[in-house]
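Trainee: Input file: upload20.cif. Contents: mmCIF, C-alpha atoms and all ligand atoms.
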data_final
#
loop_
_atom_site.label_atom_id
_atom_site.label_comp_id
_atom_site.auth_asym_id
_atom_site.auth_seq_id
_atom_site.Cartn_x
_atom_site.Cartn_y
_atom_site.Cartn_z
CA MET A 1 8.69 4.25 1.62
CA THR A 2 6.71 3.91 -1.62
CA ARG A 3 6.89 0.36 -2.95
CA ALA A 4 6.37 -0.24 -6.65
CA HIS A 5 2.77 -1.21 -7.40
CA VAL A 6 2.73 -4.83 -8.58
CA PRO A 7 -0.15 -5.44 -11.01
CA VAL A 8 -2.45 -8.08 -9.52
CA LEU A 9 -3.48 -11.28 -11.37
CA ALA A 10 -1.67 -9.89 -14.40
CA GLY A 11 -1.02 -13.21 -16.18
CA GLU A 12 -4.59 -14.39 -15.66
CA LEU A 13 -5.94 -11.04 -16.89
CA ILE A 14 -3.93 -11.16 -20.12
CA ASP A 15 -4.75 -14.85 -20.74
CA LEU A 16 -8.48 -14.30 -20.28
CA THR A 17 -8.87 -10.98 -22.09
CA GLU A 18 -6.39 -11.67 -24.93
CA PRO A 19 -5.48 -8.09 -25.94
CA ALA A 20 -4.53 -8.29 -29.63
CA PRO A 21 -2.61 -6.06 -32.07
CA GLY A 22 -4.74 -3.05 -33.08
CA ASP A 23 -7.18 -3.32 -30.15
CA THR A 24 -8.67 -0.31 -28.39
CA VAL A 25 -8.22 -0.75 -24.65
CA VAL A 26 -9.61 1.33 -21.77
CA ASP A 27 -7.74 1.04 -18.48
CA ALA A 28 -10.25 2.80 -16.24
CA THR A 29 -8.04 2.57 -13.11
CA PHE A 30 -4.57 3.41 -14.40
CA GLY A 31 -2.80 3.66 -11.00
CA ALA A 32 0.90 3.04 -11.56
CA GLY A 33 0.20 1.70 -15.06
CA GLY A 34 1.31 -1.91 -14.47
CA HIS A 35 -1.64 -3.53 -16.23
CA ALA A 36 -1.71 -0.74 -18.84
CA ARG A 37 1.89 -1.44 -19.81
CA LEU A 38 1.21 -5.15 -20.31
CA MET A 39 -1.84 -4.42 -22.44
CA ALA A 40 0.05 -1.75 -24.43
CA GLU A 41 2.73 -4.32 -25.29
CA ARG A 42 0.07 -6.66 -26.71
CA ILE A 43 -1.89 -4.11 -28.76
CA GLY A 44 1.26 -2.66 -30.37
CA ALA A 45 1.64 0.39 -32.59
CA ALA A 46 -1.77 -0.10 -34.26
CA GLY A 47 -3.57 -0.12 -30.91
CA THR A 48 -5.09 2.62 -28.77
CA LEU A 49 -4.87 2.80 -24.97
CA ILE A 50 -7.18 5.14 -23.07
CA CYS A 51 -6.15 5.58 -19.44
CA ILE A 52 -8.38 6.96 -16.68
CA ASP A 53 -7.58 7.88 -13.08
CA ARG A 54 -8.64 10.68 -10.80
CA ASP A 55 -5.32 10.83 -8.97
CA GLN A 56 -2.71 13.39 -10.01
CA ALA A 57 0.06 10.90 -9.11
CA ALA A 58 -1.35 8.48 -11.69
CA ARG A 59 -1.22 11.18 -14.35
CA GLU A 60 2.49 11.59 -13.63
CA ARG A 61 3.02 7.83 -14.07
CA TYR A 62 1.01 7.98 -17.29
CA ALA A 63 3.43 10.54 -18.77
CA GLU A 64 6.27 8.03 -18.27
CA LEU A 65 4.30 5.21 -19.88
CA ALA A 66 3.16 7.31 -22.85
CA ALA A 67 6.78 8.09 -23.68
CA ASP A 68 7.68 4.38 -23.66
CA VAL A 69 4.93 2.56 -25.56
CA SER A 70 4.21 2.46 -29.29
CA CYS A 71 0.38 2.57 -29.24
CA GLN A 72 -1.72 5.75 -29.33
CA THR A 73 -2.48 6.88 -25.77
CA ARG A 74 -4.77 9.29 -24.00
CA PHE A 75 -5.31 10.14 -20.33
CA LEU A 76 -8.53 11.29 -18.69
CA ARG A 77 -8.01 12.60 -15.17
CA MET A 78 -11.58 12.03 -14.09
CA ASP A 79 -13.84 9.81 -12.06
CA TYR A 80 -14.03 6.63 -14.13
CA ALA A 81 -17.85 6.62 -14.18
CA ALA A 82 -17.92 10.13 -15.69
CA ALA A 83 -15.08 9.24 -18.07
CA LEU A 84 -16.82 6.09 -19.32
CA GLU A 85 -20.03 8.08 -19.81
CA GLN A 86 -18.01 10.58 -21.82
CA LEU A 87 -16.66 7.71 -23.96
CA VAL A 88 -20.25 6.53 -24.57
CA GLY A 89 -20.96 10.05 -25.88
CA GLU A 90 -17.90 9.83 -28.13
CA GLU A 91 -19.26 6.51 -29.49
CA LEU A 92 -16.01 4.77 -28.68
CA GLU A 93 -16.02 1.00 -29.32
CA ALA A 94 -13.55 -0.67 -26.98
CA ASP A 95 -12.19 -4.19 -27.34
CA LEU A 96 -11.18 -4.39 -23.72
CA ILE A 97 -12.07 -2.50 -20.54
CA LEU A 98 -10.36 -3.03 -17.19
CA LEU A 99 -11.48 -1.87 -13.74
CA ASP A 100 -8.85 -2.73 -11.10
CA LEU A 101 -10.61 -1.36 -8.05
CA GLY A 102 -9.29 0.00 -4.79
CA LEU A 103 -5.99 1.68 -4.04
CA SER A 104 -2.58 1.50 -5.64
CA SER A 105 0.52 0.83 -3.53
CA MET A 106 1.60 4.35 -4.51
CA GLN A 107 -1.42 5.73 -2.67
CA VAL A 108 -1.18 3.46 0.39
CA ASP A 109 2.55 4.03 0.83
CA THR A 110 2.53 7.80 0.41
CA ARG A 111 2.14 8.55 4.10
CA GLU A 112 0.70 12.06 3.74
CA ARG A 113 -2.25 10.74 1.70
CA GLY A 114 -3.61 9.32 4.97
CA PHE A 115 -4.81 5.96 3.58
CA SER A 116 -2.74 3.80 5.91
CA TYR A 117 -3.53 2.91 9.49
CA SER A 118 0.12 1.95 10.01
CA ALA A 119 1.54 5.45 9.52
CA ASP A 120 0.65 8.71 11.26
CA ALA A 121 -0.56 11.34 8.80
CA PRO A 122 -3.31 13.93 8.33
CA LEU A 123 -6.76 12.36 7.89
CA ASP A 124 -7.15 12.75 4.15
CA MET A 125 -7.88 9.56 2.09
CA ARG A 126 -8.90 11.43 -1.08
CA MET A 127 -8.00 9.71 -4.35
CA ASP A 128 -8.69 12.99 -6.17
CA GLN A 129 -6.59 15.64 -4.45
CA GLY A 130 -8.91 18.35 -5.80
CA GLN A 131 -12.02 16.99 -4.11
CA GLU A 132 -13.45 18.81 -1.07
CA LEU A 133 -14.68 15.95 1.14
CA ASP A 134 -11.91 14.23 3.09
CA ALA A 135 -11.70 11.78 5.99
CA ARG A 136 -11.24 14.58 8.52
CA ALA A 137 -14.63 16.05 7.56
CA ILE A 138 -16.38 12.71 8.04
CA VAL A 139 -14.67 11.79 11.32
CA ASN A 140 -15.23 15.21 12.86
CA GLY A 141 -18.45 16.30 11.18
CA TRP A 142 -20.80 13.36 10.73
CA GLU A 143 -23.32 12.49 13.45
CA GLU A 144 -22.55 9.44 15.58
CA ARG A 145 -25.45 7.49 14.08
CA ARG A 146 -24.27 8.18 10.54
CA ILE A 147 -20.73 7.06 11.39
CA THR A 148 -22.14 3.85 12.92
CA GLN A 149 -24.08 3.12 9.73
CA LEU A 150 -21.05 3.90 7.60
CA LEU A 151 -18.83 1.48 9.54
CA ARG A 152 -21.50 -1.24 9.32
CA ARG A 153 -22.28 -0.81 5.64
CA PHE A 154 -18.86 -0.16 4.14
CA GLY A 155 -16.62 -1.78 6.75
CA GLU A 156 -18.87 -4.68 7.82
CA GLU A 157 -17.54 -3.68 11.28
CA PRO A 158 -19.29 -5.61 14.08
CA ASN A 159 -18.13 -3.04 16.68
CA ALA A 160 -19.41 -0.06 14.70
CA ARG A 161 -21.51 1.44 17.49
CA ILE A 162 -18.82 1.54 20.16
CA ILE A 163 -16.19 2.81 17.72
CA ALA A 164 -18.48 5.62 16.53
CA ARG A 165 -19.26 6.50 20.15
CA GLU A 166 -15.56 6.75 21.07
CA ILE A 167 -14.86 8.88 17.98
CA THR A 168 -17.60 11.35 18.90
CA ARG A 169 -16.57 11.38 22.58
CA ARG A 170 -12.98 12.23 21.69
CA ARG A 171 -13.77 14.86 19.09
CA GLU A 172 -15.87 16.79 21.62
CA ARG A 173 -12.58 17.54 23.41
CA ALA A 174 -10.54 18.29 20.27
CA PRO A 175 -10.89 17.46 16.58
CA ILE A 176 -9.35 14.16 15.44
CA GLU A 177 -6.71 15.35 13.00
CA THR A 178 -4.52 12.35 12.17
CA THR A 179 -4.70 8.68 11.24
CA GLY A 180 -2.79 7.91 14.46
CA GLU A 181 -5.42 9.64 16.59
CA LEU A 182 -8.15 7.73 14.78
CA VAL A 183 -6.36 4.39 15.32
CA ARG A 184 -6.00 5.20 19.03
CA ALA A 185 -9.72 6.03 19.28
CA ILE A 186 -10.62 2.69 17.65
CA GLU A 187 -8.28 0.76 19.92
CA ALA A 188 -9.62 2.54 23.02
CA ALA A 189 -13.21 1.72 21.99
CA LEU A 190 -12.62 -2.03 21.85
CA PRO A 191 -12.50 -4.24 24.94
CA ALA A 192 -9.08 -5.89 25.45
CA ALA A 193 -10.48 -9.34 24.60
CA VAL A 194 -11.68 -8.07 21.19
CA ARG A 195 -8.35 -6.31 20.51
CA ARG A 196 -6.44 -9.51 21.26
CA ARG A 197 -8.39 -11.36 18.53
CA PHE A 198 -6.61 -9.28 15.87
CA GLY A 199 -3.22 -10.77 16.74
CA GLY A 200 -0.77 -9.11 14.33
CA GLY A 201 -3.56 -7.44 12.28
CA SER A 202 -5.03 -4.02 12.97
CA PRO A 203 -8.48 -3.49 14.51
CA ALA A 204 -8.56 -0.23 12.50
CA LYS A 205 -8.66 -1.97 9.10
CA ARG A 206 -12.44 -2.10 8.68
CA THR A 207 -12.98 1.46 9.89
CA PHE A 208 -10.33 2.80 7.50
CA GLN A 209 -11.86 0.85 4.61
CA ALA A 210 -15.32 2.23 5.39
CA ILE A 211 -14.19 5.84 5.65
CA ARG A 212 -12.12 5.57 2.48
CA ILE A 213 -15.08 4.12 0.54
CA ALA A 214 -17.26 7.01 1.72
CA VAL A 215 -14.68 9.74 1.04
CA ASN A 216 -14.25 8.51 -2.53
CA ALA A 217 -17.89 7.47 -3.14
CA GLU A 218 -16.42 4.22 -4.41
CA LEU A 219 -19.56 2.12 -4.62
CA GLU A 220 -21.59 4.88 -6.30
CA ALA A 221 -18.82 5.20 -8.90
CA LEU A 222 -18.83 1.45 -9.53
CA ASP A 223 -22.64 1.30 -9.85
CA ARG A 224 -22.54 4.08 -12.45
CA ALA A 225 -19.46 2.76 -14.24
CA LEU A 226 -20.65 -0.79 -14.92
CA PRO A 227 -23.50 0.09 -17.33
CA ALA A 228 -21.40 2.80 -18.99
CA ALA A 229 -18.49 0.38 -19.50
CA TRP A 230 -20.85 -2.15 -21.01
CA ARG A 231 -22.13 0.43 -23.50
CA VAL A 232 -18.59 1.32 -24.53
CA LEU A 233 -17.70 -2.33 -25.27
CA ALA A 234 -17.75 -3.40 -28.90
CA PRO A 235 -19.46 -6.72 -29.71
CA GLY A 236 -16.87 -9.37 -28.83
CA GLY A 237 -15.17 -6.92 -26.43
CA ARG A 238 -13.96 -8.17 -23.07
CA PHE A 239 -14.75 -6.60 -19.70
CA ALA A 240 -12.56 -7.38 -16.68
CA ALA A 241 -12.90 -6.28 -13.07
CA ILE A 242 -10.58 -6.96 -10.15
CA SER A 243 -12.21 -6.29 -6.79
CA PHE A 244 -10.79 -6.37 -3.29
CA HIS A 245 -13.79 -6.78 -1.03
CA SER A 246 -17.20 -8.38 -1.16
CA LEU A 247 -19.11 -5.09 -1.55
CA GLU A 248 -17.39 -4.54 -4.90
CA ASP A 249 -17.28 -8.16 -6.04
CA ARG A 250 -20.99 -8.68 -5.35
CA ARG A 251 -21.86 -5.73 -7.60
CA VAL A 252 -19.66 -6.94 -10.46
CA LYS A 253 -20.91 -10.52 -10.16
CA ARG A 254 -24.57 -9.49 -10.16
CA PHE A 255 -24.11 -7.09 -13.07
CA LEU A 256 -22.42 -9.70 -15.26
CA ALA A 257 -24.85 -12.47 -14.27
CA GLU A 258 -27.80 -10.29 -15.33
CA ARG A 259 -26.19 -9.71 -18.72
CA ALA A 260 -25.42 -13.40 -19.17
CA ARG A 261 -29.06 -14.41 -18.70
CA GLY A 262 -30.97 -15.69 -21.70
CA CYS A 263 -34.69 -16.31 -21.21
CA ILE A 264 -36.29 -14.05 -18.61
CA CYS A 265 -39.79 -15.61 -18.79
CA PRO A 266 -41.52 -16.57 -15.53
CA PRO A 267 -40.37 -20.10 -14.55
CA ASP A 268 -43.92 -21.56 -14.89
CA LEU A 269 -44.19 -20.70 -18.61
CA PRO A 270 -43.82 -23.97 -20.60
CA VAL A 271 -42.11 -22.32 -23.62
CA CYS A 272 -40.04 -19.18 -23.90
CA ALA A 273 -42.06 -16.15 -24.97
CA CYS A 274 -39.56 -13.39 -24.22
CA GLY A 275 -36.97 -14.07 -26.92
CA HIS A 276 -34.40 -12.43 -24.66
CA GLU A 277 -30.81 -13.16 -25.70
CA PRO A 278 -27.79 -13.07 -23.41
CA GLU A 279 -25.50 -10.05 -23.86
CA ALA A 280 -22.56 -11.55 -22.01
CA GLU A 281 -20.58 -14.74 -22.05
CA LEU A 282 -18.93 -15.27 -18.68
CA LEU A 283 -15.27 -16.15 -19.22
CA THR A 284 -14.89 -16.77 -15.47
CA ARG A 285 -17.73 -18.85 -14.00
CA ARG A 286 -16.20 -18.37 -10.56
CA SER A 287 -13.92 -15.48 -9.71
CA VAL A 288 -10.20 -16.03 -10.28
CA VAL A 289 -8.03 -15.52 -7.18
CA PRO A 290 -4.26 -15.19 -6.79
CA THR A 291 -2.19 -18.36 -6.61
CA PRO A 292 -0.55 -19.07 -3.24
CA GLY A 293 2.75 -18.00 -4.87
CA GLU A 294 1.41 -14.60 -5.94
CA ALA A 295 -0.21 -14.07 -2.53
CA ALA A 296 3.08 -14.88 -0.79
CA ASP A 297 5.07 -12.51 -3.05
CA ASN A 298 2.50 -9.70 -2.87
CA PRO A 299 0.42 -9.97 0.32
CA ARG A 300 -1.68 -6.94 -0.76
CA CYS A 301 -3.25 -9.02 -3.53
CA ARG A 302 -4.61 -11.67 -1.18
CA SER A 303 -8.24 -10.55 -1.33
CA ALA A 304 -8.27 -9.88 -5.11
CA ARG A 305 -10.94 -11.48 -7.31
CA LEU A 306 -10.98 -11.25 -11.08
CA ARG A 307 -14.12 -11.62 -13.20
CA VAL A 308 -14.13 -11.42 -16.99
CA ALA A 309 -16.97 -11.45 -19.52
CA ARG A 310 -17.22 -11.08 -23.29
CA ARG A 311 -19.92 -8.98 -24.88
CA VAL A 312 -21.97 -11.06 -27.27
CA GLY A 313 -24.74 -9.97 -29.66
CA GLY A 314 -24.82 -6.61 -31.38
CA GLY A 315 -27.70 -4.74 -29.65
CA ALA A 316 -27.12 -1.70 -27.43
CA SER A 317 -27.98 -2.34 -23.76
C1 LIG B 1 -5.63 -0.71 -7.69
S1 LIG B 1 -5.16 0.80 -8.42
C2 LIG B 1 -4.85 0.34 -10.10
C3 LIG B 1 -3.49 -0.21 -10.33
C4 LIG B 1 -3.16 -0.46 -11.78
N1 LIG B 1 -4.01 -1.47 -12.37
C5 LIG B 1 -1.70 -0.83 -11.95
O1 LIG B 1 -1.39 -1.93 -12.44
O2 LIG B 1 -0.85 -0.02 -11.58
C6 LIG B 1 -6.69 1.64 -8.57
C7 LIG B 1 -6.58 3.03 -9.16
O3 LIG B 1 -7.90 3.41 -9.51
C8 LIG B 1 -8.09 4.76 -9.19
N2 LIG B 1 -9.52 4.95 -8.95
C9 LIG B 1 -10.27 4.33 -8.02
N3 LIG B 1 -11.55 4.74 -8.11
C10 LIG B 1 -11.59 5.63 -9.13
C11 LIG B 1 -12.63 6.38 -9.75
N4 LIG B 1 -13.90 6.33 -9.31
N5 LIG B 1 -12.33 7.15 -10.79
C12 LIG B 1 -11.05 7.23 -11.26
N6 LIG B 1 -10.02 6.56 -10.72
C13 LIG B 1 -10.29 5.75 -9.67
C14 LIG B 1 -7.24 5.00 -7.97
O4 LIG B 1 -6.90 6.36 -7.88
C15 LIG B 1 -6.04 4.08 -8.21
O5 LIG B 1 -5.00 4.78 -8.81
#
Just dump the structure as C-alpha cells.
Mentor:
Amino acid sequence: MTRAHVPVLAGELIDLTEPAPGDTVVDATFGAGGHARLMAERIGAAGTLICIDRDQAARERYAELAADVSCQTRFLRMDYAAALEQLVGEELEADLILLDLGLSSMQVDTRERGFSYSADAPLDMRMDQGQELDARAIVNGWEERRITQLLRRFGEEPNARIIAREITRRRERAPIETTGELVRAIEAALPAAVRRRFGGGSPAKRTFQAIRIAVNAELEALDRALPAAWRVLAPGGRFAAISFHSLEDRRVKRFLAERARGCICPPDLPVCACGHEPEAELLTRRSVVPTPGEAADNPRCRSARLRVARRVGGGAS
C-alpha cells in the first residue's frame, strides 16, 4: 500500500527559511509536493514556485498541486543538478532553494519500483524510469570487487566482502532478478550470530541503500547541485537541505561551512591579508533533527537532518 508522504521537519523548515509573499522558491526534490505546498501557501499569488524531480510519479503529483495553488508554477522533470545548472543559465534569482534528499514514501511503497527490501519485486530502484542503469544490472553485471567497494562506500556495510561473494556465487547459477532473491542472498552470506544482531531490523538495509545510491548516482548529483544551487540564490536567499545519511549530510555541512568562512589566510599570519568575506550565514549551527514526537509519528524521518544557510554579500561564487 502507498502511504501518503509526510513532509519531514516541515515546521522547522518554514520557521528557518521564512518563505514570504512574492518569493521565488525552487523545490529541487518535489516528491509528493508536501513541502512545496507549504511554501506555495506562504509565497501566495505574487510568488513563483519551480519544482524539480526526475520521477514521472512526482510530475503527476505536481499537476494536482499546480491546479490548487495561487502562485506561478513550473515543473522540470530532470536531474536536479542539471536543472539547477539550467536555472543558472536562465539567470534566475531564487529566494529559497530546498533539497530534501532520498526517497519519497510514494517511491518506497510502490512495490514494483524495487526500492524496498520488505517487498518482493523486480530489482529496479531507478528514480527516473527512463534511465538505463538499474539495480539488476549492478547486481548481475558488476565484478565482485566493485560490488564490495560499492557496499563499503555507499552502504558503510562491514560485511561487504562476504555479501558480494554470495551475490556473485548465486548469480553464476541464475541471474538475481528480484529484491526477495537479493535479500535471501544477503541473509545467506551472514553468519547466524551477525543476523541475530539485527533483531527486528533488516540486514539488507545497508546493501539496498548502497545499490540505490549507485543506480541513481545520488552523491554525484548532490556534489554538482550544491554549487549550482548557490549560484541560483539571490543575496539574502535561503538554502535548505534535508539529508538522511551521513554521506549526504557530510557533503552539505562541508559545503556550507566553506561558504561561511571569512578570512582564509594561513593561521600564522598576524593580520588578515586575504580580505575574504563569508558568503553564507549558517542559520543552523548544528543540524536540526526531528523531535521525538515527529519521529514516533513518522518513523521514516528518524535519520533526517536539516541544515539551512542564508546567502550574504552580493558577489557571484
Ligand atoms: C524525499 S523525496 C521529497 C519529498 C518532498 N519534499 C515532499 O514533501 O513530498 C525526494 C525526491 O527527490 C527526487 N530526487 C532525488 N534525487 C534526485 C535528482 N538527482 N534529481 C531529481 N530528483 C531527485 C526523488 O525522485 C524524490 O521524489
Trainee: Have a look at A:Leu92, A:Ile43, A:Ile242, A:Ile167 and name the one nearest to ligand LIG 1 (chain B); count all atoms listed in the file.
Mentor: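 Among the listed residues, the smallest separation from ligand LIG 1 (chain B) belongs to A:Ile242.
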Trainee: Can you pull out the residues contacting segment 27-38 of chain A? Cut-off 7 Å, using only C-alpha atoms, and skip same-chain residues under 3 positions away; I want them as a ChimeraX atom specification.
Mentor: /A:5-7,10,41-42,50-53,58,61-62,80,97-101,104
Trainee: What does the distance from atom CA of Glu93 of chain A to atom CA of Gly237 of chain A come to in Å, to one decimal?
Mentor: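 We find that atom CA of Glu93 of chain A and atom CA of Gly237 of chain A lie 8.5 Å from each other.
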Trainee: In the coordinate frame of the file, compute which residues have an atom within 7 Å of (-0.3, 5.2, 16.0) when using all atoms listed in the file, and state them as a count of residues only.
Mentor: 7
Trainee: What's the separation between atom CA of Gln56 of chain A and atom CA of Gly44 of chain A, in Å to one decimal place?
Mentor: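 According to the coordinates, atom CA of Gln56 of chain A and atom CA of Gly44 of chain A are separated by 26.2 Å.
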Trainee: Please determine, counting only C-alpha atoms and all ligand atoms, which residue among A:Leu65, A:Val194, A:Ala260, A:Cys265 has the shortest atom-to-atom distance to ligand LIG 1 (chain B).
Mentor: A:Leu65
Trainee: Just checking: using only C-alpha atoms and all ligand atoms, which residue out of A:Ala204, A:Cys301, A:Ala66, A:Ala135 ends up closest to ligand LIG 1 (chain B)?
Mentor: A:Cys301
Trainee: Would you list the contacts of Glu277 of chain A as number ranges by chain, taking every protein, DNA or RNA residue within 10 Å and counting only C-alpha atoms, but skipping same-chain residues closer than 6 positions in sequence?
Mentor: A: 259-264, 312-313, 315
Trainee: Would you compute the distance between atom CA of Thr291 of chain A and atom CA of Ser303 of chain A? Give it in Å to one decimal.
Mentor: 11.2 Å
Trainee: Please determine, counting only C-alpha atoms and all ligand atoms, which residue among A:Asp15, A:Glu112, A:Glu220, A:Glu64 has the shortest atom-to-atom distance to ligand LIG 1 (chain B).
Mentor: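 Looking at the shortest contact to ligand LIG 1 (chain B), the residue is A:Glu220.
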Trainee: Under the rule that all atoms listed in the file are counted, which of A:Gln131, A:Ser243, A:Ser70, A:Asn140 is the nearest residue to ligand LIG 1 (chain B)?
Mentor: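 Comparing A:Gln131, A:Ser243, A:Ser70, A:Asn140 against ligand LIG 1 (chain B), the winner is A:Ser243.
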Trainee: Kindly add N, CA and C atoms to the incomplete segment 303-314 of chain A and provide the output as a PDB file, in the frame of the given file.
Mentor:
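Result file follows (result26.pdb):
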ATOM      1  N   SER A 303      -6.777 -10.536  -1.251  1.00  0.00           N
ATOM      2  CA  SER A 303      -8.240 -10.550  -1.330  1.00  0.00           C
ATOM      3  C   SER A 303      -8.749 -10.299  -2.757  1.00  0.00           C
ATOM      4  N   ALA A 304      -7.849 -10.235  -3.740  1.00  0.00           N
ATOM      5  CA  ALA A 304      -8.270  -9.880  -5.110  1.00  0.00           C
ATOM      6  C   ALA A 304      -9.118 -10.975  -5.749  1.00  0.00           C
ATOM      7  N   ARG A 305     -10.087 -10.553  -6.547  1.00  0.00           N
ATOM      8  CA  ARG A 305     -10.940 -11.480  -7.310  1.00  0.00           C
ATOM      9  C   ARG A 305     -11.143 -10.900  -8.696  1.00  0.00           C
ATOM     10  N   LEU A 306     -10.860 -11.703  -9.691  1.00  0.00           N
ATOM     11  CA  LEU A 306     -10.980 -11.250 -11.080  1.00  0.00           C
ATOM     12  C   LEU A 306     -12.205 -11.900 -11.720  1.00  0.00           C
ATOM     13  N   ARG A 307     -13.006 -11.096 -12.389  1.00  0.00           N
ATOM     14  CA  ARG A 307     -14.120 -11.620 -13.200  1.00  0.00           C
ATOM     15  C   ARG A 307     -14.009 -11.026 -14.597  1.00  0.00           C
ATOM     16  N   VAL A 308     -14.242 -11.863 -15.598  1.00  0.00           N
ATOM     17  CA  VAL A 308     -14.130 -11.420 -16.990  1.00  0.00           C
ATOM     18  C   VAL A 308     -15.340 -11.909 -17.773  1.00  0.00           C
ATOM     19  N   ALA A 309     -15.862 -11.043 -18.648  1.00  0.00           N
ATOM     20  CA  ALA A 309     -16.970 -11.450 -19.520  1.00  0.00           C
ATOM     21  C   ALA A 309     -16.736 -10.872 -20.913  1.00  0.00           C
ATOM     22  N   ARG A 310     -17.299 -11.570 -21.902  1.00  0.00           N
ATOM     23  CA  ARG A 310     -17.220 -11.080 -23.290  1.00  0.00           C
ATOM     24  C   ARG A 310     -18.606 -10.589 -23.684  1.00  0.00           C
ATOM     25  N   ARG A 311     -18.633  -9.477 -24.398  1.00  0.00           N
ATOM     26  CA  ARG A 311     -19.920  -8.980 -24.880  1.00  0.00           C
ATOM     27  C   ARG A 311     -20.323  -9.761 -26.124  1.00  0.00           C
ATOM     28  N   VAL A 312     -21.493 -10.318 -26.092  1.00  0.00           N
ATOM     29  CA  VAL A 312     -21.970 -11.060 -27.270  1.00  0.00           C
ATOM     30  C   VAL A 312     -23.236 -10.384 -27.797  1.00  0.00           C
ATOM     31  N   GLY A 313     -23.580 -10.614 -29.067  1.00  0.00           N
ATOM     32  CA  GLY A 313     -24.740  -9.970 -29.660  1.00  0.00           C
ATOM     33  C   GLY A 313     -24.402  -8.532 -30.008  1.00  0.00           C
ATOM     34  N   GLY A 314     -25.186  -7.942 -30.890  1.00  0.00           N
ATOM     35  CA  GLY A 314     -24.820  -6.610 -31.380  1.00  0.00           C
ATOM     36  C   GLY A 314     -25.618  -5.472 -30.774  1.00  0.00           C
TER      37      GLY A 314
END
